[in-house]
>>> print(open('work01.cif').read())   # mmCIF, C-alpha atoms and all ligand atoms
data_input
#
loop_
_atom_site.label_atom_id
_atom_site.label_comp_id
_atom_site.auth_asym_id
_atom_site.auth_seq_id
_atom_site.Cartn_x
_atom_site.Cartn_y
_atom_site.Cartn_z
CA MET A 1 22.56 -91.42 -1.51
CA SER A 2 22.28 -89.47 -4.71
CA ILE A 3 23.99 -89.65 -8.05
CA THR A 4 24.97 -86.93 -10.45
CA SER A 5 23.04 -87.05 -13.67
CA ARG A 6 24.26 -86.30 -17.16
CA ARG A 7 22.55 -82.94 -16.81
CA GLY A 8 24.60 -82.17 -13.75
CA GLN A 9 21.65 -82.31 -11.36
CA ALA A 10 21.54 -84.44 -8.28
CA SER A 11 19.12 -87.30 -8.64
CA ALA A 12 17.08 -88.83 -5.88
CA PRO A 13 17.39 -92.54 -5.13
CA ASN A 14 16.13 -94.63 -7.96
CA THR A 15 12.60 -95.35 -6.85
CA ALA A 16 11.87 -91.74 -6.06
CA ALA A 17 13.57 -90.61 -9.25
CA PHE A 18 11.47 -93.00 -11.28
CA THR A 19 8.28 -91.82 -9.64
CA SER A 20 9.12 -88.17 -10.11
CA ARG A 21 10.12 -88.80 -13.71
CA ARG A 22 6.78 -90.40 -14.43
CA ARG A 23 5.00 -87.53 -12.72
CA PHE A 24 7.08 -85.10 -14.74
CA LEU A 25 6.22 -86.83 -17.99
CA THR A 26 2.54 -86.90 -17.16
CA THR A 27 2.50 -83.24 -16.22
CA ALA A 28 4.56 -82.26 -19.23
CA LEU A 29 2.32 -84.25 -21.52
CA GLN A 30 -0.70 -82.47 -20.15
CA THR A 31 1.12 -79.19 -20.67
CA THR A 32 1.83 -80.14 -24.27
CA LEU A 33 -1.80 -80.98 -24.86
CA VAL A 34 -2.78 -77.57 -23.55
CA ALA A 35 -0.26 -76.04 -25.91
CA GLY A 36 -1.62 -78.01 -28.82
CA ALA A 37 -5.08 -76.62 -28.19
CA GLY A 38 -3.98 -73.05 -27.77
CA GLY A 39 -0.94 -72.33 -29.92
CA ALA A 40 1.52 -70.44 -27.73
CA ALA A 41 -0.17 -71.59 -24.55
CA LEU A 42 2.85 -73.71 -23.69
CA THR A 43 5.09 -70.69 -23.24
CA ALA A 44 2.40 -68.86 -21.32
CA CYS A 45 1.85 -71.87 -19.14
CA ALA A 46 5.55 -72.11 -18.44
CA ASP A 47 5.75 -68.46 -17.52
CA ASP A 48 2.69 -68.03 -15.36
CA GLY A 49 4.05 -69.99 -12.46
CA THR A 50 1.23 -72.52 -12.43
CA THR A 51 3.45 -75.39 -13.49
CA PRO A 52 6.33 -76.95 -11.58
CA SER A 53 9.63 -75.28 -12.34
CA SER A 54 11.07 -78.43 -13.90
CA VAL A 55 8.24 -78.57 -16.40
CA ALA A 56 8.46 -74.87 -17.14
CA SER A 57 12.19 -75.15 -17.69
CA SER A 58 11.91 -78.15 -19.95
CA ALA A 59 9.07 -76.68 -21.96
CA GLY A 60 10.95 -73.43 -22.41
CA HIS A 61 14.01 -75.26 -23.63
CA THR A 62 11.92 -77.21 -26.09
CA LEU A 63 10.33 -74.14 -27.58
CA ALA A 64 13.58 -72.24 -27.69
CA GLY A 65 15.37 -75.13 -29.33
CA THR A 66 18.07 -75.23 -26.67
CA TYR A 67 17.99 -78.84 -25.68
CA PRO A 68 19.60 -80.28 -22.60
CA PRO A 69 23.09 -81.46 -23.40
CA SER A 70 23.28 -85.13 -24.16
CA ALA A 71 26.44 -87.10 -23.70
CA PRO A 72 29.24 -85.91 -26.02
CA PRO A 73 30.00 -87.94 -29.15
CA VAL A 74 32.27 -90.91 -28.68
CA ALA A 75 35.68 -90.82 -30.36
CA ASP A 76 35.91 -94.52 -31.13
CA GLY A 77 34.65 -98.00 -30.36
CA ASN A 78 36.51 -98.17 -27.07
CA GLN A 79 34.75 -95.07 -25.77
CA ALA A 80 31.42 -96.41 -26.98
CA LEU A 81 32.06 -99.65 -25.13
CA GLN A 82 33.01 -97.76 -22.00
CA ARG A 83 29.74 -95.84 -22.19
CA LEU A 84 27.79 -99.06 -22.45
CA GLN A 85 29.65 -100.56 -19.53
CA GLU A 86 29.04 -97.47 -17.39
CA GLY A 87 25.35 -97.61 -18.24
CA ASN A 88 25.19 -101.29 -17.34
CA ALA A 89 26.92 -100.55 -14.04
CA ARG A 90 24.16 -98.03 -13.26
CA PHE A 91 21.54 -100.62 -14.22
CA VAL A 92 23.11 -103.27 -12.00
CA ALA A 93 23.32 -100.84 -9.07
CA ASP A 94 19.71 -99.77 -9.62
CA ARG A 95 20.86 -96.18 -10.13
CA GLU A 96 19.70 -95.50 -13.66
CA GLU A 97 19.76 -91.91 -14.84
CA ASN A 98 16.88 -92.41 -17.24
CA LEU A 99 17.12 -88.84 -18.40
CA ASP A 100 17.40 -89.15 -22.15
CA GLU A 101 13.82 -90.20 -22.78
CA GLY A 102 12.08 -86.99 -21.76
CA ILE A 103 10.22 -84.61 -24.01
CA ALA A 104 13.18 -82.32 -24.69
CA ARG A 105 15.33 -85.27 -25.75
CA ARG A 106 12.54 -86.63 -27.94
CA VAL A 107 12.21 -83.31 -29.69
CA ALA A 108 15.98 -83.01 -30.07
CA VAL A 109 16.45 -86.39 -31.70
CA SER A 110 13.47 -85.86 -33.97
CA LYS A 111 15.81 -83.64 -35.98
CA GLY A 112 18.42 -86.34 -36.47
CA GLN A 113 20.31 -89.13 -34.77
CA THR A 114 23.88 -89.94 -33.85
CA PRO A 115 23.69 -93.26 -32.01
CA PHE A 116 27.00 -94.40 -30.57
CA ALA A 117 26.60 -98.18 -30.69
CA THR A 118 24.81 -100.93 -32.60
CA VAL A 119 23.71 -103.90 -30.52
CA LEU A 120 22.33 -107.26 -31.63
CA GLY A 121 20.46 -109.00 -28.84
CA CYS A 122 17.85 -111.69 -28.28
CA VAL A 123 14.11 -111.04 -28.36
CA ASP A 124 13.86 -112.29 -24.77
CA SER A 125 11.55 -109.98 -22.82
CA ARG A 126 14.00 -109.90 -19.92
CA VAL A 127 16.81 -108.36 -21.96
CA PRO A 128 15.64 -104.96 -23.22
CA ILE A 129 18.81 -103.45 -24.63
CA GLU A 130 18.28 -99.78 -23.80
CA LEU A 131 17.29 -100.59 -20.23
CA VAL A 132 20.19 -102.99 -19.66
CA PHE A 133 22.63 -100.26 -20.72
CA ASP A 134 20.64 -97.34 -19.27
CA GLN A 135 20.51 -95.46 -22.55
CA GLY A 136 17.83 -93.23 -23.99
CA LEU A 137 16.33 -92.03 -27.22
CA GLY A 138 18.75 -91.83 -30.10
CA ASP A 139 21.62 -93.55 -28.28
CA LEU A 140 21.57 -97.09 -29.68
CA VAL A 141 20.77 -98.95 -32.88
CA VAL A 142 19.13 -102.11 -31.58
CA VAL A 143 18.45 -105.23 -33.60
CA ARG A 144 16.88 -108.22 -31.88
CA SER A 145 16.21 -111.74 -33.06
CA ALA A 146 15.71 -114.98 -31.16
CA GLY A 147 19.11 -116.28 -30.12
CA GLU A 148 20.69 -113.39 -32.10
CA ALA A 149 20.07 -115.53 -35.19
CA LEU A 150 21.24 -113.91 -38.39
CA ASP A 151 19.31 -113.61 -41.61
CA HIS A 152 19.43 -111.09 -44.43
CA SER A 153 17.28 -108.57 -42.58
CA VAL A 154 19.21 -108.81 -39.32
CA THR A 155 22.61 -108.57 -41.00
CA GLY A 156 21.42 -105.76 -43.26
CA SER A 157 20.07 -103.85 -40.28
CA LEU A 158 23.39 -104.20 -38.47
CA GLU A 159 25.23 -103.04 -41.57
CA PHE A 160 22.92 -100.05 -41.68
CA GLY A 161 23.83 -99.20 -38.10
CA VAL A 162 27.58 -99.30 -38.60
CA ALA A 163 27.86 -98.04 -42.19
CA GLU A 164 25.03 -95.52 -42.52
CA LEU A 165 24.63 -94.37 -38.92
CA HIS A 166 28.39 -94.74 -38.33
CA THR A 167 28.34 -96.31 -34.91
CA PRO A 168 31.95 -97.22 -34.02
CA LEU A 169 30.86 -100.23 -31.96
CA LEU A 170 28.93 -103.38 -32.82
CA MET A 171 28.06 -105.66 -29.92
CA VAL A 172 26.52 -109.13 -30.09
CA LEU A 173 24.82 -109.80 -26.75
CA GLY A 174 23.87 -113.32 -25.75
CA HIS A 175 22.16 -114.01 -22.44
CA GLN A 176 21.76 -116.50 -19.65
CA ARG A 177 19.12 -119.23 -20.04
CA CYS A 178 18.32 -118.28 -23.64
CA GLY A 179 15.08 -120.01 -24.66
CA ALA A 180 15.99 -120.09 -28.34
CA LEU A 181 19.18 -122.02 -27.68
CA THR A 182 17.41 -124.24 -25.16
CA ALA A 183 14.84 -125.17 -27.80
CA THR A 184 17.59 -125.72 -30.34
CA MET A 185 19.43 -128.00 -27.95
CA LYS A 186 16.30 -130.10 -27.45
CA ALA A 187 15.72 -130.30 -31.18
CA VAL A 188 19.30 -131.36 -31.82
CA ASP A 189 19.08 -134.01 -29.10
CA ALA A 190 15.82 -135.30 -30.50
CA GLY A 191 17.26 -135.42 -33.97
CA ARG A 192 14.45 -133.37 -35.35
CA ARG A 193 13.43 -129.83 -35.92
CA THR A 194 10.78 -128.01 -33.89
CA ALA A 195 7.86 -129.68 -35.69
CA GLU A 196 6.11 -126.32 -35.48
CA ALA A 197 4.55 -124.74 -38.50
CA GLY A 198 6.00 -121.46 -39.61
CA GLU A 199 9.54 -120.17 -39.60
CA MET A 200 10.87 -121.37 -36.25
CA ASP A 201 12.78 -124.21 -37.85
CA TYR A 202 14.91 -121.54 -39.46
CA LEU A 203 16.01 -120.53 -35.97
CA VAL A 204 16.88 -124.10 -35.05
CA ASP A 205 18.85 -124.59 -38.24
CA THR A 206 20.70 -121.32 -37.69
CA LEU A 207 21.53 -121.90 -34.02
CA ALA A 208 22.29 -125.63 -34.22
CA PRO A 209 26.00 -125.20 -35.11
CA ALA A 210 26.61 -123.54 -31.72
CA VAL A 211 24.96 -126.45 -29.92
CA ARG A 212 26.96 -129.01 -31.87
CA GLN A 213 30.20 -127.10 -31.34
CA VAL A 214 30.06 -127.48 -27.56
CA ALA A 215 29.16 -131.18 -27.47
CA GLY A 216 31.28 -133.01 -24.90
CA LYS A 217 32.88 -129.86 -23.50
CA PRO A 218 33.13 -129.36 -19.73
CA GLY A 219 30.79 -126.98 -17.95
CA ASP A 220 27.14 -126.17 -18.42
CA ARG A 221 26.13 -127.19 -21.91
CA LEU A 222 23.53 -124.46 -22.47
CA THR A 223 25.80 -121.69 -21.23
CA ASN A 224 28.59 -123.01 -23.43
CA ALA A 225 26.25 -123.00 -26.42
CA ILE A 226 25.14 -119.43 -25.73
CA HIS A 227 28.75 -118.24 -25.65
CA ALA A 228 29.64 -120.28 -28.73
CA ASN A 229 26.69 -118.81 -30.56
CA VAL A 230 27.84 -115.25 -29.87
CA ASP A 231 31.27 -116.09 -31.24
CA LEU A 232 29.80 -117.76 -34.33
CA VAL A 233 27.57 -114.76 -35.01
CA LEU A 234 30.58 -112.46 -34.73
CA ALA A 235 32.57 -114.67 -37.10
CA THR A 236 29.74 -114.58 -39.63
CA LEU A 237 29.37 -110.81 -39.35
CA ARG A 238 33.09 -110.40 -39.99
CA GLN A 239 32.47 -111.98 -43.40
CA SER A 240 30.07 -109.18 -44.31
CA PRO A 241 31.58 -107.02 -47.08
CA VAL A 242 30.41 -104.01 -45.10
CA ILE A 243 31.29 -104.97 -41.52
CA GLY A 244 34.56 -106.83 -42.17
CA PRO A 245 36.37 -103.98 -43.94
CA LEU A 246 35.13 -101.43 -41.39
CA GLU A 247 36.67 -103.48 -38.61
CA LYS A 248 39.92 -103.96 -40.52
CA SER A 249 40.17 -100.21 -41.13
CA GLY A 250 39.91 -99.57 -37.40
CA LYS A 251 36.68 -97.62 -37.72
CA LEU A 252 34.59 -100.32 -36.11
CA LYS A 253 35.04 -102.38 -32.97
CA LEU A 254 33.26 -105.74 -32.75
CA VAL A 255 32.65 -107.28 -29.37
CA GLY A 256 30.76 -110.25 -27.97
CA ALA A 257 29.06 -110.12 -24.59
CA TYR A 258 26.87 -112.13 -22.23
CA TYR A 259 24.02 -110.79 -20.14
CA GLU A 260 23.46 -112.54 -16.83
CA LEU A 261 19.79 -112.54 -15.88
CA ASP A 262 20.57 -113.24 -12.23
CA THR A 263 22.68 -110.12 -11.70
CA GLY A 264 21.93 -107.78 -14.61
CA LYS A 265 25.62 -107.74 -15.48
CA VAL A 266 26.95 -107.69 -19.03
CA MET A 267 30.26 -109.51 -19.32
CA LEU A 268 32.50 -109.12 -22.33
CA HIS A 269 33.88 -111.99 -24.33
CA GLN A 270 37.65 -112.04 -24.35
ZN ZN A 301 17.33 -115.60 -25.83
#
>>> encode(input="work01.cif", output="structure tokens")
Amino acid sequence: MSITSRRGQASAPNTAAFTSRRRFLTTALQTTLVAGAGGAALTACADDGTTPSSVASSAGHTLAGTYPPSAPPVADGNQALQRLQEGNARFVADREENLDEGIARRVAVSKGQTPFATVLGCVDSRVPIELVFDQGLGDLVVVRSAGEALDHSVTGSLEFGVAELHTPLLMVLGHQRCGALTATMKAVDAGRRTAEAGEMDYLVDTLAPAVRQVAGKPGDRLTNAIHANVDLVLATLRQSPVIGPLEKSGKLKLVGAYYELDTGKVMLHQ
């Protein structure tokens, strides 16, 4: 079974597509190195038939400045959210397009960026934001901190994404079995902080309200705390003098979400 890519080409099943993409990148990189050593060698290489047609085509586009079309701009936060959800559906189905990280795209976005969404996620190695949403270079503003904990830098970075880069969507993405909230829960239960040197106590102090908020509630305590934390982060961000007014004006959509490690699915908070 094949899927239709954003470039309108049929893609092979995922494993084969991944392999061929890696081969393409390797070949194209070698081609670029040849070009770097010999000036216009890249064009000559693309024209002399010694390189695969896909490489020749991509290299020619790069030199000519006619880049492959990326997805059209989103009109609003709802469209941005739909694009994220479609990308996550591809990720879940193991049918990623993975096309917007090639050389032509890299060259195109080197001239500027128009990301369509800002996402705050956890540092957890199992939740890489671009991969989870099957997005490429220049598509997302990504800020990550353990447990999505806010501080001045995190909040300022999110404000930069929505106010300076004008993304119409800001998502806060919690995830299943979050280690930061697990550690916070243990610290709260023990009535102490982490006892570690350094700054990790800041995380515990910041995430503890979510743990306390779900005390005594039915269901899995950790999962409840993860969801509560997302909602608390959103509530705090709405107090930002940059983010709050943008949402009120209708230019920005704020949404909370939960990534399930077991399935790869991102589920929206209601
Ligand atoms: Zn986490």
>>> residues_near_ligand(input="work01.cif", ligand="ligand ZN 301 (chain A)", cutoff="8 Å", atoms="all atoms listed in the file", output="number ranges by chain")
A: 121-124, 146-148, 174-181
>>> closest_residue(input="work01.cif", among="A:Gly264, A:Pro209, A:Pro245, A:Gly256", to="A:Phe133", atoms="all atoms listed in the file")
A:Gly264
>>> closest_residue(input="work01.cif", among="A:Arg106, A:Arg193, A:Lys265, A:His152", to="A:Val127", atoms="only C-alpha atoms")
A:Lys265
>>> residues_around(input="work01.cif", residues="A:Thr263", least_positions_apart="5", cutoff="10 Å", atoms="all atoms listed in the file", output="JSON, numbers by chain")
{"A": [91, 92, 93]}
>>> residues_around(input="work01.cif", residues="A:Leu246", least_positions_apart="5", cutoff="12 Å", atoms="all atoms listed in the file", output="list in words")
Gly77, Glu159, Gly161, Val162, Ala163, Glu164, His166, Thr167, Pro168, Leu169, Leu170, Leu237, Arg238, Gln239, Ser240, Pro241, Lys251, Leu252, Lys253 and Leu254 of chain A
>>> atom_distance(input="work01.cif", atom1="atom CA of A:Lys111", atom2="atom CA of A:Leu131")
23.2 Å
>>> decode(input="work01.cif", residues="stretch 232-243 of chain A", atoms="all heavy atoms", output="compact mmCIF listing (two decimals), in the first residue's frame")
# COMPACT_ATOMS: atom_id res chain seq x y z
N LEU A 232 -2.93 23.22 34.22
CA LEU A 232 -2.35 24.29 35.04
C LEU A 232 -1.36 25.13 34.22
O LEU A 232 -1.30 26.35 34.36
CB LEU A 232 -1.64 23.71 36.27
CG LEU A 232 -2.57 23.21 37.39
CD1 LEU A 232 -1.75 22.49 38.46
CD2 LEU A 232 -3.34 24.38 38.01
N VAL A 233 -0.59 24.46 33.38
CA VAL A 233 0.35 25.19 32.52
C VAL A 233 -0.41 26.12 31.58
O VAL A 233 -0.06 27.28 31.40
CB VAL A 233 1.24 24.21 31.72
CG1 VAL A 233 2.03 24.94 30.63
CG2 VAL A 233 2.19 23.47 32.65
N LEU A 234 -1.50 25.60 31.00
CA LEU A 234 -2.31 26.44 30.11
C LEU A 234 -2.87 27.65 30.86
O LEU A 234 -2.88 28.77 30.34
CB LEU A 234 -3.47 25.61 29.52
CG LEU A 234 -3.10 24.68 28.35
CD1 LEU A 234 -4.30 23.78 28.03
CD2 LEU A 234 -2.69 25.47 27.12
N ALA A 235 -3.36 27.40 32.07
CA ALA A 235 -3.93 28.51 32.86
C ALA A 235 -2.86 29.57 33.15
O ALA A 235 -3.15 30.77 33.09
CB ALA A 235 -4.50 27.96 34.16
N THR A 236 -1.65 29.11 33.44
CA THR A 236 -0.57 30.07 33.71
C THR A 236 -0.22 30.84 32.45
O THR A 236 0.00 32.06 32.49
CB THR A 236 0.68 29.32 34.23
OG1 THR A 236 0.32 28.59 35.40
CG2 THR A 236 1.80 30.30 34.56
N LEU A 237 -0.15 30.14 31.33
CA LEU A 237 0.20 30.82 30.07
C LEU A 237 -0.85 31.86 29.68
O LEU A 237 -0.53 32.88 29.07
CB LEU A 237 0.37 29.78 28.95
CG LEU A 237 1.61 28.88 29.08
CD1 LEU A 237 1.62 27.83 27.97
CD2 LEU A 237 2.88 29.71 29.03
N ARG A 238 -2.10 31.58 30.03
CA ARG A 238 -3.16 32.55 29.70
C ARG A 238 -2.98 33.86 30.47
O ARG A 238 -3.53 34.89 30.10
CB ARG A 238 -4.54 31.95 30.00
CG ARG A 238 -4.97 30.91 28.98
CD ARG A 238 -6.44 30.52 29.11
NE ARG A 238 -6.87 29.79 27.94
CZ ARG A 238 -6.95 28.46 27.85
NH1 ARG A 238 -6.68 27.72 28.91
NH2 ARG A 238 -7.34 27.89 26.72
N GLN A 239 -2.20 33.81 31.55
CA GLN A 239 -1.93 35.04 32.32
C GLN A 239 -0.80 35.85 31.70
O GLN A 239 -0.53 36.98 32.13
CB GLN A 239 -1.58 34.67 33.76
CG GLN A 239 -2.74 34.03 34.50
CD GLN A 239 -2.32 33.49 35.87
OE1 GLN A 239 -1.27 33.82 36.39
NE2 GLN A 239 -3.15 32.64 36.44
N SER A 240 -0.11 35.29 30.74
CA SER A 240 0.96 36.03 30.07
C SER A 240 0.37 37.24 29.35
O SER A 240 -0.63 37.12 28.65
CB SER A 240 1.65 35.12 29.05
OG SER A 240 2.20 35.90 27.99
N PRO A 241 0.98 38.41 29.52
CA PRO A 241 0.47 39.61 28.84
C PRO A 241 0.63 39.56 27.33
O PRO A 241 0.11 40.41 26.61
CB PRO A 241 1.32 40.74 29.44
CG PRO A 241 2.56 40.07 29.94
CD PRO A 241 2.15 38.69 30.36
N VAL A 242 1.36 38.56 26.86
CA VAL A 242 1.50 38.37 25.41
C VAL A 242 0.50 37.32 24.92
O VAL A 242 -0.24 37.55 23.95
CB VAL A 242 2.94 37.92 25.07
CG1 VAL A 242 3.06 37.56 23.60
CG2 VAL A 242 3.93 39.02 25.44
N ILE A 243 0.47 36.18 25.60
CA ILE A 243 -0.35 35.06 25.13
C ILE A 243 -1.83 35.29 25.39
O ILE A 243 -2.68 35.04 24.53
CB ILE A 243 0.13 33.76 25.81
CG1 ILE A 243 1.57 33.44 25.33
CG2 ILE A 243 -0.80 32.59 25.51
CD1 ILE A 243 2.24 32.32 26.09
